[in-house]
file model-v9.cif (mmCIF, C-alpha atoms)
data_work
#
loop_
_atom_site.label_atom_id
_atom_site.label_comp_id
_atom_site.auth_asym_id
_atom_site.auth_seq_id
_atom_site.Cartn_x
_atom_site.Cartn_y
_atom_site.Cartn_z
CA MET A 89 0.00 0.00 0.00
CA THR A 90 1.26 3.44 -0.78
CA GLY A 91 -0.01 6.85 0.14
CA ALA A 92 -1.78 8.32 -2.84
CA ALA A 93 -2.57 11.65 -1.29
CA ALA A 94 -1.78 14.74 -3.35
CA THR A 95 -2.07 16.95 -0.26
CA PRO A 96 1.11 18.88 0.52
CA ILE A 97 3.10 17.37 3.34
CA ARG A 98 3.58 19.55 6.41
CA ARG A 99 5.71 18.51 9.32
CA PRO A 100 3.74 18.73 12.57
CA GLY A 101 4.13 22.15 14.19
CA ARG A 102 5.66 22.59 17.62
CA LEU A 103 2.38 22.61 19.52
CA ALA A 104 0.91 19.68 17.58
CA GLY A 105 4.20 17.77 17.87
CA GLY A 106 4.24 18.45 21.61
CA LEU A 107 0.71 17.19 21.99
CA VAL A 108 1.60 13.98 20.11
CA TRP A 109 4.67 13.56 22.34
CA LEU A 110 2.47 13.93 25.42
CA THR A 111 -0.15 11.54 24.03
CA VAL A 112 2.46 8.90 23.30
CA ARG A 113 3.95 9.30 26.82
CA LEU A 114 0.59 8.24 28.22
CA LEU A 115 0.65 4.95 26.30
CA PRO A 116 2.38 1.75 27.47
CA PRO A 117 6.12 1.85 26.52
CA GLY A 118 5.90 -0.98 24.00
CA HIS A 119 3.38 0.90 21.87
CA ARG A 120 4.88 4.40 21.92
CA ASP A 121 6.99 4.21 18.75
CA ARG A 122 4.18 2.78 16.69
CA TYR A 123 1.61 5.36 17.72
CA SER A 124 4.11 8.21 17.52
CA ASP A 125 4.73 7.41 13.85
CA GLU A 126 1.07 6.79 13.18
CA PHE A 127 -0.14 10.03 14.77
CA ARG A 128 2.60 12.13 13.17
CA ALA A 129 1.89 10.63 9.76
CA ASP A 130 -1.74 11.69 10.07
CA LEU A 131 -0.77 15.23 11.07
CA CYS A 132 1.48 15.63 8.02
CA PHE A 133 -1.55 15.97 5.75
CA LEU A 134 -3.30 18.67 7.77
CA ASN A 135 -2.84 22.41 7.91
CA GLY A 136 -1.57 24.12 11.08
CA ARG A 137 -4.84 24.66 12.88
CA ARG A 138 -6.23 21.24 12.01
CA GLN A 139 -2.99 19.65 13.16
CA ILE A 140 -3.55 21.11 16.61
CA THR A 141 -7.21 20.02 16.68
CA GLU A 142 -6.26 16.53 15.55
CA ALA A 143 -3.40 16.27 18.04
CA GLY A 144 -5.72 17.50 20.79
CA SER A 145 -8.22 14.80 19.86
CA GLN A 146 -5.47 12.18 19.98
CA LEU A 147 -4.52 13.41 23.45
CA ALA A 148 -8.15 13.29 24.55
CA GLY A 149 -8.35 9.64 23.48
CA ALA A 150 -4.98 8.68 24.95
CA LEU A 151 -6.32 7.30 28.21
CA SER A 152 -8.93 5.25 26.43
CA LEU A 153 -6.29 3.89 24.04
CA ARG A 154 -3.98 3.19 26.98
CA HIS A 155 -6.77 1.26 28.69
CA VAL A 156 -7.35 -0.92 25.60
CA LEU A 157 -3.63 -1.60 25.11
CA LYS A 158 -3.09 -2.38 28.81
CA GLU A 159 -6.10 -4.64 28.86
CA HIS A 160 -4.71 -6.63 25.96
CA GLU A 161 -1.25 -6.82 27.57
CA MET A 162 -2.76 -8.05 30.81
CA THR A 163 -4.85 -10.77 29.20
CA SER A 164 -1.95 -12.00 27.07
CA ASN A 165 0.41 -11.98 30.07
CA LEU A 166 -2.17 -13.74 32.19
CA LYS A 167 -2.48 -16.53 29.65
CA SER A 168 1.25 -17.20 29.62
CA ALA A 169 1.69 -16.84 33.41
CA LYS A 170 -1.24 -19.07 34.06
CA TYR A 171 0.10 -22.15 32.38
CA TRP A 172 3.82 -22.27 32.99
CA LYS A 173 3.45 -24.45 36.07
CA CYS A 174 1.12 -26.75 34.17
CA HIS A 175 3.74 -27.04 31.42
CA LEU A 176 6.07 -28.35 34.11
CA GLY A 177 3.47 -30.84 35.20
CA ARG A 178 2.66 -28.96 38.41
CA HIS A 179 -1.09 -28.79 38.14
CA GLN A 180 -3.36 -27.35 40.77
CA TYR A 181 -5.91 -30.10 41.07
CA GLN A 182 -9.17 -29.56 42.87
CA LEU A 183 -12.17 -31.80 43.37
CA VAL A 184 -14.97 -30.86 40.98
CA GLY A 185 -18.47 -32.26 40.65
CA ASP A 186 -19.53 -33.79 37.36
CA GLN A 187 -21.72 -31.46 35.30
CA ASN A 188 -23.51 -34.34 33.67
CA PRO A 189 -27.06 -34.26 35.17
CA GLU A 190 -27.28 -38.05 35.03
CA ASN A 191 -24.14 -38.41 37.04
CA LEU A 192 -24.28 -35.55 39.57
CA ARG A 193 -22.70 -37.48 42.42
CA SER A 194 -19.58 -38.23 40.46
CA MET A 195 -16.51 -36.13 41.30
CA HIS A 196 -13.19 -35.78 39.56
CA LEU A 197 -9.94 -33.89 39.95
CA GLU A 198 -9.48 -30.94 37.62
CA CYS A 199 -6.62 -28.45 37.33
CA ALA A 200 -7.84 -24.98 38.27
CA ARG A 201 -5.46 -23.38 35.75
CA CYS A 202 -5.48 -25.47 32.57
CA LEU A 203 -8.63 -27.54 33.29
CA LYS A 204 -6.79 -30.83 32.80
CA ILE A 205 -8.69 -33.73 34.29
CA LYS A 206 -6.76 -36.20 36.36
CA GLU A 207 -7.51 -39.82 35.81
CA ILE A 208 -8.95 -41.33 38.94
CA LYS A 209 -7.75 -44.82 39.50
CA GLU A 210 -10.44 -46.83 41.19
CA TYR A 211 -9.46 -48.42 44.44
CA THR A 212 -9.03 -52.12 44.10
CA PRO A 213 -8.12 -53.87 47.32
CA SER A 214 -4.98 -55.87 46.85
CA ASP A 215 -5.90 -58.45 49.40
CA GLY A 216 -9.48 -59.62 49.00
CA LYS A 217 -9.23 -61.85 52.03
CA TRP A 218 -8.76 -58.95 54.46
CA LEU A 219 -12.16 -57.43 53.73
CA SER A 220 -14.06 -60.64 53.45
CA GLY A 221 -12.18 -62.14 56.36
CA GLY A 222 -13.21 -59.31 58.71
CA GLY A 223 -16.80 -59.50 57.53
CA LEU A 224 -19.14 -62.39 57.31
CA GLY A 225 -16.36 -64.90 56.87
CA GLY A 226 -14.96 -64.09 60.32
CA ILE A 227 -18.34 -64.41 62.02
CA ALA A 228 -19.13 -67.58 60.21
CA GLY A 229 -15.70 -69.01 61.04
CA MET B 263 -17.78 -15.41 20.39
CA VAL B 264 -16.15 -12.31 21.86
CA ALA B 265 -17.43 -9.09 20.34
CA PRO B 266 -16.69 -5.46 21.03
CA ARG B 267 -19.30 -3.21 22.59
CA MET B 268 -21.32 -2.19 19.57
CA THR B 269 -21.47 1.51 20.26
CA HIS B 270 -22.48 3.89 17.46
CA SER B 271 -18.82 4.76 16.98
CA THR B 272 -17.77 1.10 16.68
CA GLN B 273 -20.59 0.49 14.22
CA ALA B 274 -19.55 3.49 12.16
CA VAL B 275 -15.94 2.30 12.02
CA LEU B 276 -16.99 -1.22 11.04
CA ARG B 277 -19.31 0.09 8.33
CA VAL B 278 -16.49 2.13 6.81
CA LEU B 279 -14.10 -0.83 6.92
CA LEU B 280 -16.77 -3.06 5.37
CA GLU B 281 -17.37 -0.69 2.43
CA ASP B 282 -14.34 -2.15 0.70
CA PRO B 283 -12.79 -4.79 2.95
CA THR B 284 -9.89 -5.39 0.56
CA ARG B 285 -8.63 -1.82 0.90
CA GLY B 286 -6.63 -0.72 3.90
CA ARG B 287 -7.54 2.59 5.50
CA TYR B 288 -5.57 4.78 7.84
CA GLY B 289 -6.84 6.40 11.02
CA LEU B 290 -7.36 9.91 9.64
CA GLU B 291 -9.22 8.52 6.62
CA ILE B 292 -11.55 6.48 8.83
CA GLY B 293 -12.07 9.55 10.97
CA GLY B 294 -12.99 11.58 7.88
CA ALA B 295 -15.41 8.94 6.63
CA THR B 296 -17.15 8.45 9.98
CA GLY B 297 -16.99 12.02 11.22
CA LEU B 298 -15.43 10.77 14.44
CA PRO B 299 -12.40 12.38 16.06
CA SER B 300 -9.06 10.62 16.01
CA GLY B 301 -9.17 10.13 19.77
CA THR B 302 -12.24 7.93 19.35
CA ILE B 303 -11.04 6.05 16.28
CA HIS B 304 -7.74 4.71 17.59
CA PRO B 305 -9.07 2.98 20.74
CA ILE B 306 -11.76 1.31 18.61
CA LEU B 307 -9.19 0.15 16.05
CA ALA B 308 -6.93 -1.13 18.86
CA ARG B 309 -9.83 -3.05 20.35
CA LEU B 310 -10.73 -4.57 16.97
CA GLU B 311 -7.09 -5.48 16.47
CA ASN B 312 -6.97 -7.16 19.88
CA LEU B 313 -10.01 -9.21 18.90
CA ARG B 314 -8.21 -10.14 15.68
CA TRP B 315 -10.97 -8.73 13.51
CA VAL B 316 -8.63 -6.18 12.01
CA ASP B 317 -5.10 -6.52 10.63
CA SER B 318 -2.84 -3.54 10.41
CA SER B 319 0.28 -2.94 8.40
CA TRP B 320 2.68 -0.09 7.70
CA GLU B 321 2.54 1.85 4.48
CA GLU B 322 5.20 0.66 2.07
CA ILE B 323 7.15 3.85 1.51
CA ASP B 324 10.59 5.12 2.33
CA SER B 325 9.81 7.62 5.05
CA HIS B 326 13.10 9.53 4.47
CA GLU B 327 12.34 9.90 0.80
CA GLU B 328 8.76 10.95 1.43
CA GLY B 329 9.72 13.26 4.27
CA ARG B 330 7.06 11.92 6.62
CA PRO B 331 6.45 8.89 8.84
CA ARG B 332 4.69 5.88 7.40
CA ARG B 333 0.97 5.53 7.83
CA ARG B 334 -0.61 2.57 9.49
CA TYR B 335 -3.31 0.87 7.40
CA TYR B 336 -6.20 -1.08 8.91
CA ARG B 337 -8.17 -3.76 7.11
CA LEU B 338 -10.77 -6.29 8.22
CA ASN B 339 -9.55 -9.87 7.84
CA ASP B 340 -11.81 -12.74 6.73
CA HIS B 341 -12.77 -13.59 10.30
CA GLY B 342 -13.38 -9.91 11.01
CA ILE B 343 -15.58 -9.45 7.94
CA ALA B 344 -17.87 -12.29 8.99
CA GLU B 345 -17.97 -11.19 12.64
CA ALA B 346 -18.50 -7.53 11.75
CA ARG B 347 -21.39 -8.35 9.41
CA ASP B 348 -22.99 -10.51 12.12
CA ALA B 349 -22.50 -7.90 14.81
CA LEU B 350 -23.87 -5.08 12.64
CA ALA B 351 -26.88 -7.18 11.65
CA GLN B 352 -27.61 -7.85 15.34
CA ALA B 353 -27.20 -4.17 16.16
CA ASP B 354 -29.62 -3.26 13.34
CA VAL B 355 -32.20 -5.75 14.64
CA ALA B 356 -31.84 -4.35 18.17
CA ARG B 357 -32.24 -0.78 16.88
CA ALA B 358 -35.31 -1.71 14.80
CA ARG B 359 -36.85 -3.36 17.87
CA ILE B 360 -36.35 -0.24 19.95
CA ILE B 361 -37.75 2.02 17.23
CA SER B 362 -40.82 -0.20 16.83
CA ARG B 363 -41.58 0.26 20.55
CA LEU B 364 -41.49 4.02 20.34
CA ARG B 365 -44.80 5.81 19.96
CA PRO B 366 -45.46 9.39 18.96
CA ILE B 367 -45.78 11.76 21.92
CA GLY B 368 -49.34 12.02 23.15
CA GLU B 369 -50.37 8.61 21.88
CA THR B 370 -51.68 6.33 24.63
CA THR B 371 -51.95 2.51 24.96
#
call {"tool": "encode", "arguments": {"input": "model-v9.cif", "output": "structure tokens"}}
result
Amino acid sequence: MTGAAATPIRRPGRLAGGLVWLTVRLLPPGHRDRYSDEFRADLCFLNGRRQITEAGSQLAGALSLRHVLKEHEMTSNLKSAKYWKCHLGRHQYQLVGDQNPENLRSMHLECARCLKIKEIKEYTPSDGKWLSGGGLGGIAG
Amino acid sequence: MVAPRMTHSTQAVLRVLLEDPTRGRYGLEIGGATGLPSGTIHPILARLENLRWVDSSWEEIDSHEEGRPRRRYYRLNDHGIAEARDALAQADVARARIISRLRPIGETT
């Protein structure tokens, strides 16, 4: 894509440039260069007074833009921070009820972070005699 | 599906981007087409970009040669086109529903 505008190019004036500088300062550090270029490029096609109006509008929207950018940073950081322990096999299992309405009493272990379900090995008594021996067999004997 | 808050401004931006989805538009151009100030346009575009509805790319020029910084162009991607059309259709239905409930002043029942 190339700019096809025939409008004369004007470098942003001091006031407009200062407003862009201030706007960009309000944004998270990782996004400053990008928006600085973007805002200045837009100002280049406007005359002096409109440059100031436009730069003022950019400043007015800076906090809103900052909020959106921060929000995105937080969610993307959260996703990566959330799972690193799970990647190492250190899950945070908790007992969770089965959501199947036909099987409401059933419980299973589920990781609170990555939702991995732990296989539950059913208890099988190794020595059958112990149970049966202490029960009816013992009385009968 | 995650969708942005369909404010009038968001709808206006999406409508402009949908006019010709193959063409990238820069912030000032979108502002001119919607009548919205730049301070409103950029947070909306950032939000749409975060949702991956919109792709952005730098203008392919030599900024030293041109004597100005490169512009950033925004374009709806395929996913964004489908989602934006859906979201705008829903917003239109909601608006029509509200309008149908309105009665002229003085009318009872």
call {"tool": "interface_residues", "arguments": {"input": "model-v9.cif", "of": "chain B", "to": "chain A", "cutoff": "10 Å", "atoms": "all atoms listed in the file", "output": "PyMOL selection string"}}
result
chain B and resi 285-291+298-313+319-325+328-335
call {"tool": "resolve_selection", "arguments": {"input": "model-v9.cif", "expression": "the PyMOL selection byres ((chain B and resi 351-355) around 12)", "output": "VMD selection string"}}
result
chain B and resid 265 to 270 272 to 274 276 to 277 344 to 350 356 to 362
call {"tool": "atom_distance", "arguments": {"input": "model-v9.cif", "atom1": "CA of Lys158 (chain A)", "atom2": "CA of Arg314 (chain B)"}}
result
16.1 Å
call {"tool": "resolve_selection", "arguments": {"input": "model-v9.cif", "expression": "the PyMOL selection byres ((chain B and resi 339) around 6)", "output": "PyMOL selection string"}}
result
chain B and resi 315-316+338+340-342
call {"tool": "write_last_selection", "arguments": {"input": "model-v9.cif", "atoms": "C-alpha atoms", "output": "PDB file, in the coordinates of the input"}}
result
ATOM      1  CA  TRP B 315     -10.970  -8.730  13.510  1.00  0.00           C
ATOM      2  CA  VAL B 316      -8.630  -6.180  12.010  1.00  0.00           C
ATOM      3  CA  LEU B 338     -10.770  -6.290   8.220  1.00  0.00           C
ATOM      4  CA  ASP B 340     -11.810 -12.740   6.730  1.00  0.00           C
ATOM      5  CA  HIS B 341     -12.770 -13.590  10.300  1.00  0.00           C
ATOM      6  CA  GLY B 342     -13.380  -9.910  11.010  1.00  0.00           C
TER       7      GLY B 342
END
call {"tool": "atom_distance", "arguments": {"input": "model-v9.cif", "atom1": "CA of Met195 (chain A)", "atom2": "CA of Leu183 (chain A)"}}
result
6.5 Å
call {"tool": "atom_distance", "arguments": {"input": "model-v9.cif", "atom1": "CA of Gly105 (chain A)", "atom2": "CA of Gly118 (chain A)"}}
result
19.8 Å
call {"tool": "residues_around", "arguments": {"input": "model-v9.cif", "residues": "Lys206 (chain A)", "least_positions_apart": "6", "cutoff": "10 Å", "atoms": "all atoms listed in the file", "output": "VMD selection string"}}
result
chain A and resid 179 181 to 183 196 to 199
call {"tool": "decode", "arguments": {"input": "model-v9.cif", "residues": "region 97-112 of chain A", "atoms": "C-alpha atoms", "output": "tab-separated table (two decimals), in the first residue's frame"}}
result
chain	number	residue	atom	x	y	z
A	97	ILE	CA	3.10	17.37	3.34
A	98	ARG	CA	3.58	19.55	6.41
A	99	ARG	CA	5.71	18.51	9.32
A	100	PRO	CA	3.74	18.73	12.57
A	101	GLY	CA	4.13	22.15	14.19
A	102	ARG	CA	5.66	22.59	17.62
A	103	LEU	CA	2.38	22.61	19.52
A	104	ALA	CA	0.91	19.68	17.58
A	105	GLY	CA	4.20	17.77	17.87
A	106	GLY	CA	4.24	18.45	21.61
A	107	LEU	CA	0.71	17.19	21.99
A	108	VAL	CA	1.60	13.98	20.11
A	109	TRP	CA	4.67	13.56	22.34
A	110	LEU	CA	2.47	13.93	25.42
A	111	THR	CA	-0.15	11.54	24.03
A	112	VAL	CA	2.46	8.90	23.30
